[in-house]
file coords23.cif (mmCIF, C-alpha atoms)
data_model
loop_
_atom_site.label_atom_id
_atom_site.label_comp_id
_atom_site.auth_asym_id
_atom_site.auth_seq_id
_atom_site.Cartn_x
_atom_site.Cartn_y
_atom_site.Cartn_z
CA MET V 9 -12.65 9.15 -23.84
CA VAL V 10 -14.82 7.33 -21.31
CA ARG V 11 -16.92 5.87 -24.13
CA LYS V 12 -13.86 4.79 -26.14
CA THR V 13 -12.28 3.29 -23.04
CA ALA V 14 -15.37 1.13 -22.55
CA GLU V 15 -15.15 0.07 -26.19
CA TYR V 16 -11.46 -0.86 -26.36
CA LEU V 17 -10.16 -1.60 -22.86
CA SER V 18 -10.82 -4.55 -20.58
CA PRO V 19 -13.95 -4.20 -18.42
CA SER V 20 -12.05 -5.88 -15.58
CA ILE V 21 -10.72 -2.44 -14.61
CA SER V 22 -13.01 -0.33 -12.42
CA ARG V 23 -12.74 3.43 -11.97
CA PHE V 24 -13.83 5.82 -9.26
CA TYR V 25 -15.06 8.71 -11.46
CA PRO V 26 -14.57 10.04 -15.02
CA LEU V 27 -11.22 11.77 -14.59
CA VAL V 28 -9.40 11.98 -17.93
CA VAL V 29 -5.92 13.25 -17.09
CA GLU V 30 -4.24 15.78 -19.37
CA SER V 31 -1.28 16.76 -17.19
CA GLY V 32 0.01 16.84 -13.64
CA HIS V 33 2.54 18.95 -11.77
CA GLY V 34 3.31 18.57 -8.09
CA SER V 35 0.06 17.98 -6.23
CA LEU V 36 -2.15 19.39 -8.98
CA ILE V 37 -3.79 17.39 -11.76
CA LYS V 38 -5.48 18.88 -14.84
CA ASP V 39 -8.06 17.05 -16.93
CA VAL V 40 -8.74 17.31 -20.68
CA ASP V 41 -11.53 19.84 -20.05
CA GLY V 42 -9.17 22.19 -18.23
CA ASN V 43 -10.40 21.45 -14.71
CA GLN V 44 -7.72 21.43 -12.01
CA PHE V 45 -7.72 19.15 -8.96
CA ILE V 46 -5.80 18.81 -5.72
CA ASP V 47 -4.34 15.31 -5.74
CA PHE V 48 -5.29 13.25 -2.68
CA ALA V 49 -4.82 9.96 -4.57
CA SER V 50 -1.24 10.13 -5.93
CA GLY V 51 -2.06 7.69 -8.72
CA ILE V 52 -2.93 5.13 -5.99
CA ALA V 53 -0.04 6.05 -3.67
CA VAL V 54 2.51 6.00 -6.51
CA LEU V 55 3.45 9.65 -7.02
CA SER V 56 5.53 9.96 -3.86
CA THR V 57 7.34 13.07 -5.15
CA GLY V 58 4.28 14.45 -6.94
CA SER V 59 3.70 14.60 -10.67
CA THR V 60 6.62 15.48 -12.97
CA HIS V 61 9.11 16.48 -10.29
CA PRO V 62 11.91 18.29 -12.22
CA LYS V 63 14.64 16.02 -10.81
CA VAL V 64 12.69 12.90 -11.77
CA VAL V 65 11.98 14.22 -15.26
CA GLU V 66 15.65 15.11 -15.73
CA ALA V 67 16.78 11.66 -14.53
CA ILE V 68 14.40 9.98 -16.98
CA ARG V 69 15.56 12.21 -19.84
CA ARG V 70 19.24 11.69 -19.06
CA GLN V 71 19.00 7.91 -18.93
CA SER V 72 16.68 7.61 -21.95
CA GLU V 73 19.33 9.35 -24.05
CA LYS V 74 21.91 6.72 -22.99
CA PHE V 75 19.95 3.48 -23.34
CA VAL V 76 16.34 2.57 -22.56
CA HIS V 77 16.64 -1.18 -22.03
CA TYR V 78 19.14 -4.00 -21.92
CA SER V 79 17.66 -6.58 -19.50
CA TYR V 80 19.48 -6.80 -16.18
CA THR V 81 18.53 -10.49 -16.04
CA ASP V 82 21.05 -11.29 -18.78
CA PHE V 83 23.56 -8.41 -18.71
CA TYR V 84 25.01 -5.82 -16.35
CA TYR V 85 24.62 -2.09 -15.87
CA GLU V 86 25.72 0.24 -13.14
CA ASN V 87 22.68 2.08 -11.86
CA VAL V 88 20.88 -1.09 -10.75
CA VAL V 89 23.77 -1.84 -8.40
CA GLU V 90 23.68 1.71 -7.05
CA LEU V 91 19.95 1.43 -6.35
CA SER V 92 20.42 -1.96 -4.71
CA GLU V 93 23.06 -0.58 -2.36
CA LYS V 94 20.65 2.16 -1.32
CA LEU V 95 17.69 -0.17 -0.84
CA VAL V 96 19.54 -2.69 1.31
CA SER V 97 20.71 0.18 3.52
CA LEU V 98 17.11 1.40 3.93
CA VAL V 99 15.45 -1.95 4.61
CA PRO V 100 15.46 -2.68 8.38
CA GLY V 101 18.03 -5.12 9.75
CA SER V 102 21.80 -5.06 10.11
CA PHE V 103 22.23 -8.41 8.31
CA PRO V 104 23.33 -8.72 4.65
CA LYS V 105 20.52 -8.40 2.08
CA MET V 106 20.00 -8.91 -1.64
CA VAL V 107 17.48 -7.54 -4.14
CA TYR V 108 15.30 -9.00 -6.88
CA TYR V 109 13.59 -6.55 -9.29
CA GLY V 110 10.30 -6.75 -11.13
CA ASN V 111 7.82 -4.26 -12.54
CA SER V 112 4.86 -4.20 -10.15
CA GLY V 113 3.78 -4.92 -6.62
CA ALA V 114 2.16 -8.19 -7.64
CA GLU V 115 5.45 -9.30 -9.19
CA ALA V 116 7.30 -8.48 -5.97
CA ILE V 117 4.82 -10.63 -4.04
CA GLU V 118 5.07 -13.49 -6.56
CA ALA V 119 8.84 -13.42 -6.16
CA ALA V 120 8.52 -13.47 -2.35
CA MET V 121 6.16 -16.44 -2.53
CA LYS V 122 8.50 -18.47 -4.73
CA LEU V 123 11.53 -17.44 -2.70
CA THR V 124 10.16 -18.28 0.75
CA ARG V 125 8.85 -21.66 -0.38
CA ASN V 126 12.16 -22.44 -2.04
CA TYR V 127 14.17 -21.48 1.04
CA THR V 128 12.04 -23.17 3.69
CA LYS V 129 10.91 -26.19 1.61
CA ARG V 130 7.51 -25.68 3.24
CA PRO V 131 4.12 -25.40 1.47
CA ILE V 132 1.89 -23.16 3.64
CA PHE V 133 1.45 -19.38 3.47
CA LEU V 134 -0.28 -17.31 6.16
CA ALA V 135 -2.10 -14.10 5.24
CA HIS V 136 -4.86 -11.93 6.63
CA SER V 137 -8.48 -11.62 5.68
CA GLY V 138 -8.94 -8.14 4.27
CA SER V 139 -5.45 -8.24 2.76
CA PHE V 140 -4.52 -7.08 -0.72
CA HIS V 141 -1.30 -8.37 -2.25
CA GLY V 142 -2.10 -8.24 -5.97
CA ARG V 143 -4.28 -9.89 -8.60
CA THR V 144 -1.95 -12.29 -10.42
CA MET V 145 -2.65 -15.94 -9.58
CA GLY V 146 -0.02 -16.30 -6.87
CA ALA V 147 -0.54 -12.90 -5.28
CA LEU V 148 -4.30 -13.35 -5.58
CA SER V 149 -4.01 -16.44 -3.40
CA LEU V 150 -2.90 -14.13 -0.58
CA THR V 151 -5.42 -11.39 -1.41
CA ALA V 152 -8.69 -11.53 0.53
CA SER V 153 -10.28 -8.07 0.44
CA LYS V 154 -13.15 -8.40 -2.07
CA PRO V 155 -14.79 -11.51 -3.59
CA ILE V 156 -14.87 -9.93 -7.07
CA GLN V 157 -11.06 -9.93 -7.15
CA ARG V 158 -11.04 -13.75 -6.88
CA LYS V 159 -14.20 -14.57 -8.80
CA GLY V 160 -13.61 -16.97 -11.68
CA SER V 161 -9.96 -17.63 -10.76
CA PHE V 162 -10.13 -20.78 -8.66
CA PRO V 163 -8.26 -22.95 -7.94
CA LEU V 164 -5.56 -20.65 -6.65
CA VAL V 165 -2.22 -21.54 -5.06
CA PRO V 166 -3.10 -24.21 -2.50
CA GLU V 167 -2.27 -24.15 1.21
CA THR V 168 -2.87 -20.45 1.79
CA VAL V 169 -4.48 -19.84 5.18
CA HIS V 170 -6.21 -16.55 6.00
CA PHE V 171 -6.97 -15.33 9.49
CA PRO V 172 -8.44 -12.04 10.83
CA TYR V 173 -6.43 -8.82 10.81
CA PRO V 174 -6.60 -6.82 14.08
CA TYR V 175 -9.38 -4.40 13.07
CA CYS V 176 -10.07 -2.77 16.42
CA TYR V 177 -12.91 -0.53 15.19
CA ARG V 178 -14.78 -3.64 13.99
CA CYS V 179 -13.27 -6.31 16.22
CA PRO V 180 -14.54 -9.70 14.99
CA TRP V 181 -14.69 -10.87 18.61
CA LYS V 182 -16.45 -7.74 19.95
CA GLN V 183 -13.47 -6.96 22.17
CA THR V 184 -12.14 -3.55 23.18
CA PHE V 185 -8.48 -2.60 22.95
CA PRO V 186 -6.37 -2.58 25.12
CA GLU V 187 -8.56 -4.46 27.61
CA CYS V 188 -8.64 -7.39 25.18
CA GLY V 189 -4.98 -8.18 25.82
CA TYR V 190 -4.44 -8.94 22.12
CA TYR V 191 -7.14 -11.60 22.06
CA CYS V 192 -6.69 -11.74 18.27
CA VAL V 193 -3.26 -13.35 18.74
CA ASP V 194 -4.59 -15.84 21.28
CA TYR V 195 -7.44 -16.71 18.92
CA PHE V 196 -5.02 -17.35 16.08
CA LYS V 197 -2.95 -19.69 18.22
CA GLU V 198 -5.92 -21.58 19.65
CA GLN V 199 -8.17 -21.80 16.60
CA TYR V 200 -5.56 -22.12 13.85
CA LEU V 201 -2.23 -23.46 15.06
CA ASP V 202 -3.75 -25.73 17.72
CA LYS V 203 -6.48 -27.03 15.40
CA PHE V 204 -5.43 -27.38 11.79
CA VAL V 205 -2.29 -25.44 10.72
CA PRO V 206 0.96 -27.36 11.37
CA VAL V 207 3.30 -24.45 12.05
CA ASP V 208 6.39 -26.45 11.05
CA GLU V 209 4.97 -26.56 7.50
CA VAL V 210 4.43 -22.79 7.22
CA ALA V 211 6.86 -21.09 4.83
CA ALA V 212 5.97 -17.45 5.42
CA TYR V 213 3.59 -15.01 7.04
CA PHE V 214 2.63 -12.26 4.56
CA PHE V 215 1.21 -9.04 5.99
CA GLU V 216 0.64 -5.37 5.26
CA SER V 217 2.09 -3.29 8.08
CA ILE V 218 -1.05 -1.17 7.72
CA GLN V 219 -3.82 -2.82 5.75
CA GLY V 220 -4.48 -0.83 2.57
CA GLU V 221 -7.23 -2.00 0.25
CA GLY V 222 -8.91 -3.63 3.26
CA GLY V 223 -9.72 -0.19 4.65
CA TYR V 224 -6.55 1.59 5.83
CA ILE V 225 -6.55 -0.34 9.08
CA VAL V 226 -3.77 0.40 11.58
CA PRO V 227 -3.02 -2.56 13.89
CA PRO V 228 -2.51 -2.06 17.64
CA PRO V 229 1.09 -1.09 18.40
CA ASP V 230 2.52 -4.41 19.61
CA TYR V 231 0.59 -6.73 17.28
CA PHE V 232 3.45 -7.78 15.02
CA GLN V 233 5.76 -8.20 18.00
CA LYS V 234 3.16 -10.52 19.54
CA MET V 235 3.21 -12.55 16.32
CA GLU V 236 6.97 -13.03 16.41
CA PHE V 237 6.56 -16.37 18.16
CA LEU V 238 6.10 -17.74 14.63
CA ARG V 239 9.73 -17.01 13.82
CA LYS V 240 10.90 -19.43 16.49
CA GLU V 241 9.14 -22.05 14.39
CA GLY V 242 11.08 -21.08 11.26
CA VAL V 243 8.32 -18.99 9.66
CA LEU V 244 9.63 -16.10 7.52
CA PHE V 245 8.06 -12.65 7.93
CA VAL V 246 7.23 -10.90 4.65
CA SER V 247 6.25 -7.25 5.03
CA ASP V 248 4.26 -5.99 2.04
CA GLU V 249 5.38 -2.35 1.86
CA ILE V 250 4.03 -1.75 -1.63
CA GLN V 251 1.64 0.96 -0.44
CA THR V 252 3.07 1.80 2.98
CA GLY V 253 6.71 2.09 1.89
CA VAL V 254 8.89 4.88 0.49
CA GLY V 255 8.16 7.33 3.32
CA ARG V 256 4.37 7.19 3.11
CA THR V 257 3.85 6.66 6.88
CA GLY V 258 6.55 9.11 7.96
CA LYS V 259 9.13 6.33 8.16
CA PHE V 260 10.64 4.76 5.07
CA PHE V 261 8.76 1.50 5.67
CA GLY V 262 5.52 1.10 7.54
CA ILE V 263 6.80 -1.84 9.58
CA GLU V 264 9.36 0.50 11.19
CA ASN V 265 6.46 1.92 13.21
CA PHE V 266 5.91 -1.45 14.88
CA GLY V 267 9.34 -2.62 16.06
CA VAL V 268 9.67 -5.74 13.91
CA ILE V 269 12.43 -6.55 11.41
CA PRO V 270 11.06 -8.68 8.55
CA ASP V 271 12.99 -11.33 6.62
CA VAL V 272 11.63 -10.13 3.27
CA VAL V 273 10.27 -6.73 2.20
CA THR V 274 8.32 -6.06 -1.00
CA ILE V 275 8.50 -2.57 -2.53
CA ALA V 276 6.76 -0.93 -5.51
CA LYS V 277 4.31 1.97 -6.10
CA GLY V 278 6.14 5.08 -4.81
CA ILE V 279 9.69 3.82 -5.39
CA ALA V 280 10.07 5.33 -8.90
CA SER V 281 7.60 8.25 -8.82
CA GLY V 282 5.35 6.75 -11.48
CA LEU V 283 7.56 4.45 -13.54
CA PRO V 284 7.00 0.69 -13.23
CA LEU V 285 9.49 -0.85 -10.81
CA SER V 286 9.33 -3.26 -7.89
CA ALA V 287 11.87 -4.79 -5.55
CA THR V 288 11.86 -7.84 -3.33
CA VAL V 289 14.55 -7.41 -0.69
CA ALA V 290 15.49 -10.42 1.43
CA LYS V 291 18.13 -11.63 3.81
CA SER V 292 21.08 -12.77 1.74
CA ASP V 293 20.94 -16.36 2.95
CA VAL V 294 17.27 -16.52 1.89
CA MET V 295 17.93 -14.97 -1.55
CA LYS V 296 20.94 -17.21 -2.13
CA SER V 297 18.71 -20.28 -1.98
CA TRP V 298 17.78 -19.44 -5.58
CA LYS V 299 19.95 -20.82 -8.39
CA PRO V 300 20.68 -19.00 -11.70
CA GLY V 301 17.66 -19.11 -13.96
CA GLN V 302 15.20 -19.97 -11.18
CA HIS V 303 13.44 -16.59 -11.36
CA ALA V 304 13.82 -13.57 -13.65
CA SER V 305 12.04 -10.67 -15.36
CA THR V 306 12.90 -9.23 -18.78
CA PHE V 307 11.81 -5.70 -17.90
CA GLY V 308 12.59 -5.71 -14.17
CA ALA V 309 15.06 -2.97 -13.17
CA ASN V 310 14.55 -1.13 -16.45
CA PRO V 311 17.42 1.42 -16.45
CA VAL V 312 15.09 4.41 -16.95
CA ALA V 313 12.87 3.30 -14.06
CA VAL V 314 15.97 2.73 -11.93
CA GLU V 315 17.18 6.29 -12.58
CA SER V 316 13.73 7.56 -11.61
CA ALA V 317 13.97 5.56 -8.39
CA LEU V 318 17.42 6.97 -7.60
CA ALA V 319 16.07 10.48 -8.14
CA THR V 320 13.07 9.67 -5.95
CA LEU V 321 15.27 8.53 -3.07
CA GLU V 322 17.44 11.64 -3.40
CA ILE V 323 14.36 13.90 -3.33
CA ILE V 324 12.86 12.15 -0.31
CA ASP V 325 16.13 12.71 1.54
CA SER V 326 17.09 16.23 0.38
CA GLU V 327 13.56 17.67 0.60
CA ARG V 328 12.88 15.90 3.92
CA LEU V 329 9.66 14.39 2.66
CA MET V 330 9.30 11.87 5.47
CA GLU V 331 9.43 14.74 7.92
CA ASN V 332 6.81 16.54 5.83
CA ALA V 333 4.62 13.41 5.85
CA ARG V 334 4.87 13.14 9.64
CA ARG V 335 4.21 16.82 10.26
CA LEU V 336 1.30 17.22 7.87
CA GLY V 337 -0.06 13.79 8.76
CA GLU V 338 -0.28 14.71 12.43
CA LYS V 339 -2.07 17.97 11.59
CA THR V 340 -4.45 16.17 9.26
CA VAL V 341 -5.37 13.46 11.77
CA LYS V 342 -5.96 16.11 14.44
CA ARG V 343 -8.40 17.90 12.12
CA LEU V 344 -10.11 14.67 11.07
CA LEU V 345 -10.65 13.65 14.68
CA GLU V 346 -12.60 16.89 15.08
CA TRP V 347 -14.80 15.72 12.20
CA LYS V 348 -15.35 12.45 14.05
CA ASP V 349 -16.91 14.43 16.89
CA LYS V 350 -18.75 16.79 14.55
CA TYR V 351 -20.30 14.49 11.92
CA GLU V 352 -22.50 11.46 12.52
CA ILE V 353 -21.19 9.65 9.43
CA VAL V 354 -17.50 9.82 10.37
CA GLY V 355 -17.06 6.57 12.27
CA ASP V 356 -13.30 6.24 12.58
CA VAL V 357 -10.11 8.07 11.64
CA ARG V 358 -6.81 6.21 11.45
CA GLY V 359 -3.41 6.39 9.83
CA LEU V 360 0.25 7.31 10.07
CA GLY V 361 2.02 10.04 8.10
CA LEU V 362 0.17 10.72 4.86
CA PHE V 363 -1.47 7.29 4.87
CA ILE V 364 -4.84 8.16 6.38
CA GLY V 365 -8.28 6.58 6.25
CA ILE V 366 -11.68 8.02 7.16
CA GLU V 367 -14.27 5.29 7.71
CA ILE V 368 -17.74 6.47 6.74
CA VAL V 369 -20.74 4.92 8.49
CA LYS V 370 -24.50 5.39 8.35
CA ASP V 371 -24.52 6.22 12.04
CA LYS V 372 -22.08 5.89 14.93
CA ARG V 373 -24.29 3.64 17.04
CA SER V 374 -24.73 0.82 14.55
CA LYS V 375 -21.45 1.37 12.66
CA ALA V 376 -23.33 0.22 9.55
CA ARG V 377 -20.98 0.68 6.60
CA GLY V 378 -21.69 3.91 4.75
CA GLU V 379 -20.83 2.67 1.28
CA GLU V 380 -23.20 4.93 -0.63
CA GLU V 381 -22.37 7.86 1.64
CA ALA V 382 -18.63 7.41 0.99
CA LYS V 383 -19.23 7.28 -2.76
CA LYS V 384 -21.29 10.48 -2.61
CA ILE V 385 -18.51 12.26 -0.70
CA MET V 386 -15.94 11.04 -3.21
CA ASP V 387 -18.11 12.29 -6.08
CA TYR V 388 -18.59 15.66 -4.36
CA CYS V 389 -14.83 16.05 -4.04
CA PHE V 390 -14.32 15.23 -7.72
CA ARG V 391 -16.94 17.79 -8.77
CA HIS V 392 -15.37 20.44 -6.53
CA GLY V 393 -11.68 19.98 -7.31
CA ALA V 394 -10.16 17.27 -5.11
CA LEU V 395 -9.24 13.72 -6.13
CA VAL V 396 -10.19 11.41 -3.27
CA ILE V 397 -10.50 7.63 -3.63
CA MET V 398 -11.82 4.82 -1.48
CA ALA V 399 -10.33 1.75 0.19
CA GLY V 400 -12.35 -1.27 1.17
CA ARG V 401 -16.10 -0.77 1.16
CA ASN V 402 -16.50 2.56 2.94
CA THR V 403 -13.18 4.21 3.78
CA LEU V 404 -11.93 7.40 2.14
CA ARG V 405 -8.17 7.64 1.62
CA VAL V 406 -6.02 10.72 2.14
CA ILE V 407 -2.77 9.84 0.32
CA PRO V 408 -1.42 12.99 -1.37
CA PRO V 409 2.14 13.28 -2.70
CA LEU V 410 4.63 13.42 0.16
CA ASN V 411 5.71 16.92 -0.93
CA ILE V 412 2.24 18.45 -0.93
CA SER V 413 2.25 21.96 0.54
CA GLU V 414 0.31 22.75 3.68
CA ASP V 415 -1.87 25.22 1.76
CA GLU V 416 -2.76 22.61 -0.87
CA LEU V 417 -3.47 20.04 1.80
CA THR V 418 -5.71 22.48 3.69
CA GLU V 419 -7.63 23.39 0.56
CA GLY V 420 -8.16 19.72 -0.27
CA LEU V 421 -9.33 18.98 3.26
CA ASP V 422 -11.73 21.93 3.07
CA ILE V 423 -13.34 20.39 -0.01
CA LEU V 424 -13.45 16.98 1.65
CA GLU V 425 -15.12 18.43 4.75
CA GLU V 426 -17.68 20.23 2.61
CA GLY V 427 -18.56 16.90 1.00
CA ILE V 428 -18.84 15.16 4.35
CA ALA V 429 -21.00 17.99 5.73
CA GLU V 430 -23.35 17.83 2.75
CA VAL V 431 -23.84 14.07 2.96
CA ASP V 432 -24.05 14.20 6.76
CA SER V 433 -26.85 16.78 6.61
CA THR V 434 -28.76 14.53 4.22
CA VAL V 435 -28.42 11.64 6.67
CA ALA V 436 -29.56 13.86 9.55
CA ARG V 437 -32.78 14.75 7.69
CA ARG V 438 -33.83 11.12 7.28
#
call {"tool": "encode", "arguments": {"input": "coords23.cif", "output": "structure tokens"}}
result
Amino acid sequence: MVRKTAEYLSPSISRFYPLVVESGHGSLIKDVDGNQFIDFASGIAVLSTGSTHPKVVEAIRRQSEKFVHYSYTDFYYENVVELSEKLVSLVPGSFPKMVYYGNSGAEAIEAAMKLTRNYTKRPIFLAHSGSFHGRTMGALSLTASKPIQRKGSFPLVPETVHFPYPYCYRCPWKQTFPECGYYCVDYFKEQYLDKFVPVDEVAAYFFESIQGEGGYIVPPPDYFQKMEFLRKEGVLFVSDEIQTGVGRTGKFFGIENFGVIPDVVTIAKGIASGLPLSATVAKSDVMKSWKPGQHASTFGANPVAVESALATLEIIDSERLMENARRLGEKTVKRLLEWKDKYEIVGDVRGLGLFIGIEIVKDKRSKARGEEEAKKIMDYCFRHGALVIMAGRNTLRVIPPLNISEDELTEGLDILEEGIAEVDSTVARR
């Protein structure tokens, strides 16, 4: 299958290791050779309720027997309204909100870009270096995590300005938090807004509440509140919750951990437990700036995907999966912090809920990125029954389904620690 994939499928897609999936149930994945793995990847943070949750499967079956498609952009059906009512109640803010549906995270970002420019009549977007917002041409203009993702695609959407994300473990200014007094915010004001970015021409500030592809980087607690001065200048806040949303951090949206209410929220990945669906939720007055026909998607809000999303929301609530994410996340971080003291190659541990990153280094003193070491640990886990993937250049992700059991989580962490110990001992012998 690996050979045939290379023959028939685009080489633009990279893969972590040769996993050929045969089936999945809960937090367990089986490959075509009969090997079974504990799932610490969740299909890239998509399988929020695990693989083939019975309620999700039943919802998909029930709707597929009624009708599979009829394009909500041209006609009406009931379940999309039901889902919209639920989403606007979950998105932070007591103001009225409206929803636009697409199929993927990149589509949700594209919609937010068009919408915020249309509403503000301003040309500039702000985004962070290290950010990942998608690979389509608009979303790619905001993305700044790896050069290969942009290679060959220029020119992109003009007037997109990137500035550093608050990466305290590798502070670009060699500061130490909290003694720095949020120097990153002062730097942005002095070196960007005071020098070359006219703030009254900025449409929106796009951010990940916790940076994902950039390395699972958690900002200091008051960072986004410190950035709220932009809103006084008419800049809209767009929180990219594509990976951090749907309960992943222990709250429904990652931004809820930081005390800021965004104007626009983008949702995808875990919202439909594996079916393609995205949502861009905005303040009603912002969304109403669009006129009929200004933006649409033939397959957005596919009725089967919508039913899967409704089932997903019901499961997250009835099975208390956010509580499970908080509880198991706290236990996991506590154990990983012990590894930080125990192993020379574990440089940093960070995360909220079941959105956790382990930054691998060559040694703690230099903090040199342990790219090869991280890949060796990931490969060890694959060969010993745990699916672990990377973020950024040298961070291992722990993003299991939100309903993973404590026993499964412990077994997966045991395998991960064995891999770290093996690679760490090799480093120690150098």
call {"tool": "closest_residue", "arguments": {"input": "coords23.cif", "among": "V:Ala211, V:Ile132, V:Ile263, V:Ile275", "to": "V:Ala114", "atoms": "all atoms listed in the file"}}
result
V:Ile275
call {"tool": "closest_residue", "arguments": {"input": "coords23.cif", "among": "V:Gly255, V:Asn411, V:Ala116, V:Glu15", "to": "V:Glu327", "atoms": "all atoms listed in the file"}}
result
V:Asn411
call {"tool": "closest_residue", "arguments": {"input": "coords23.cif", "among": "V:Ala119, V:Val165, V:Ile324, V:Val396", "to": "V:Pro131", "atoms": "all atoms listed in the file"}}
result
V:Val165
call {"tool": "resolve_selection", "arguments": {"input": "coords23.cif", "expression": "the PyMOL selection byres ((chain V and resi 49) around 9)", "output": "list in words"}}
result
Ile46, Asp47, Phe48, Ser50, Gly51, Ile52, Ala53, Val54, Leu55, Leu395, Val396, Ile397, Arg405, Val406, Ile407, Pro408 and Pro409 of chain V
call {"tool": "residues_around", "arguments": {"input": "coords23.cif", "residues": "V:Glu221", "least_positions_apart": "4", "cutoff": "12 Å", "atoms": "all atoms listed in the file", "output": "VMD selection string"}}
result
chain V and resid 52 to 53 137 to 142 151 to 154 157 216 225 250 to 252 363 365 397 to 405
call {"tool": "closest_residue", "arguments": {"input": "coords23.cif", "among": "V:Met235, V:Val243, V:Val99, V:Ala290", "to": "V:Lys197", "atoms": "only C-alpha atoms"}}
result
V:Met235
call {"tool": "atom_distance", "arguments": {"input": "coords23.cif", "atom1": "atom CA of V:Ile428", "atom2": "atom CA of V:Tyr351"}}
result
7.7 Å
call {"tool": "resolve_selection", "arguments": {"input": "coords23.cif", "expression": "the PyMOL selection byres ((chain V and resi 382-385) around 12)", "output": "ChimeraX atom specification"}}
result
/V:23-25,353-355,365-370,377-381,386-392,394-405,423-435
call {"tool": "residues_around", "arguments": {"input": "coords23.cif", "residues": "V:Asn332", "least_positions_apart": "4", "cutoff": "12 Å", "atoms": "only C-alpha atoms", "output": "ChimeraX atom specification"}}
result
/V:56-57,255-259,324-328,336-340,361-362,408-414,417
call {"tool": "resolve_selection", "arguments": {"input": "coords23.cif", "expression": "the PyMOL selection byres ((chain V and resi 30) around 6)", "output": "PyMOL selection string"}}
result
chain V and resi 29+31+38-40
call {"tool": "closest_residue", "arguments": {"input": "coords23.cif", "among": "V:Asn310, V:Asn265, V:Ser92, V:Thr128", "to": "V:Glu241", "atoms": "only C-alpha atoms"}}
result
V:Thr128
call {"tool": "residues_around", "arguments": {"input": "coords23.cif", "residues": "V:Cys179", "least_positions_apart": "4", "cutoff": "12 Å", "atoms": "all atoms listed in the file", "output": "ChimeraX atom specification"}}
result
/V:172-175,183-186,188,190-192,225,227-228,375
call {"tool": "closest_residue", "arguments": {"input": "coords23.cif", "among": "V:Ile323, V:Ile364, V:Val107, V:Leu244", "to": "V:Gly308", "atoms": "only C-alpha atoms"}}
result
V:Val107
call {"tool": "atom_distance", "arguments": {"input": "coords23.cif", "atom1": "atom CA of V:Val312", "atom2": "atom CA of V:His77"}}
result
7.7 Å
call {"tool": "atom_distance", "arguments": {"input": "coords23.cif", "atom1": "atom CA of V:Gln219", "atom2": "atom CA of V:Lys234"}}
result
17.3 Å
call {"tool": "residues_around", "arguments": {"input": "coords23.cif", "residues": "V:Asp248", "least_positions_apart": "5", "cutoff": "7 Å", "atoms": "only C-alpha atoms", "output": "mmCIF file with C-alpha atoms, in the coordinates of the input"}}
result
data_model
loop_
_atom_site.group_PDB
_atom_site.id
_atom_site.type_symbol
_atom_site.label_atom_id
_atom_site.label_comp_id
_atom_site.auth_asym_id
_atom_site.auth_seq_id
_atom_site.Cartn_x
_atom_site.Cartn_y
_atom_site.Cartn_z
ATOM 1 C CA PHE V 214 2.630 -12.260 4.560
ATOM 2 C CA PHE V 215 1.210 -9.040 5.990
ATOM 3 C CA GLU V 216 0.640 -5.370 5.260
ATOM 4 C CA SER V 217 2.090 -3.290 8.080
ATOM 5 C CA VAL V 273 10.270 -6.730 2.200
ATOM 6 C CA THR V 274 8.320 -6.060 -1.000
#
call {"tool": "residues_around", "arguments": {"input": "coords23.cif", "residues": "V:Glu115", "least_positions_apart": "5", "cutoff": "10 Å", "atoms": "all atoms listed in the file", "output": "list of chain:residue names"}}
result
V:Tyr109, V:Gly110, V:Ala120, V:Met121, V:His141, V:Gly142, V:Arg143, V:Thr144, V:Gly146, V:Ala147, V:Thr274, V:Ile275, V:Ala276, V:Leu285, V:Ser286, V:Ala287, V:Thr288, V:Ser305, V:Gly308
call {"tool": "decode", "arguments": {"input": "coords23.cif", "residues": "stretch 357-364 of chain V", "atoms": "N, CA and C atoms", "output": "PDB file, in the first residue's frame"}}
result
ATOM      1  N   VAL V 357       7.705  20.794  28.662  1.00  0.00           N
ATOM      2  CA  VAL V 357       6.395  20.129  28.644  1.00  0.00           C
ATOM      3  C   VAL V 357       5.350  21.218  28.779  1.00  0.00           C
ATOM      4  N   ARG V 358       4.342  21.205  27.915  1.00  0.00           N
ATOM      5  CA  ARG V 358       3.342  22.263  27.955  1.00  0.00           C
ATOM      6  C   ARG V 358       2.027  21.766  27.358  1.00  0.00           C
ATOM      7  N   GLY V 359       0.934  22.358  27.817  1.00  0.00           N
ATOM      8  CA  GLY V 359      -0.360  21.991  27.254  1.00  0.00           C
ATOM      9  C   GLY V 359      -1.485  22.188  28.238  1.00  0.00           C
ATOM     10  N   LEU V 360      -2.693  22.077  27.719  1.00  0.00           N
ATOM     11  CA  LEU V 360      -3.908  22.140  28.532  1.00  0.00           C
ATOM     12  C   LEU V 360      -4.817  21.008  28.090  1.00  0.00           C
ATOM     13  N   GLY V 361      -5.499  20.373  29.061  1.00  0.00           N
ATOM     14  CA  GLY V 361      -6.358  19.241  28.729  1.00  0.00           C
ATOM     15  C   GLY V 361      -5.559  18.168  28.030  1.00  0.00           C
ATOM     16  N   LEU V 362      -6.134  17.590  26.973  1.00  0.00           N
ATOM     17  CA  LEU V 362      -5.434  16.572  26.190  1.00  0.00           C
ATOM     18  C   LEU V 362      -4.878  17.186  24.904  1.00  0.00           C
ATOM     19  N   PHE V 363      -4.257  18.341  25.081  1.00  0.00           N
ATOM     20  CA  PHE V 363      -3.538  19.051  24.022  1.00  0.00           C
ATOM     21  C   PHE V 363      -2.155  19.344  24.606  1.00  0.00           C
ATOM     22  N   ILE V 364      -1.251  18.381  24.477  1.00  0.00           N
ATOM     23  CA  ILE V 364       0.012  18.409  25.224  1.00  0.00           C
ATOM     24  C   ILE V 364       1.188  18.218  24.279  1.00  0.00           C
TER      25      ILE V 364
END
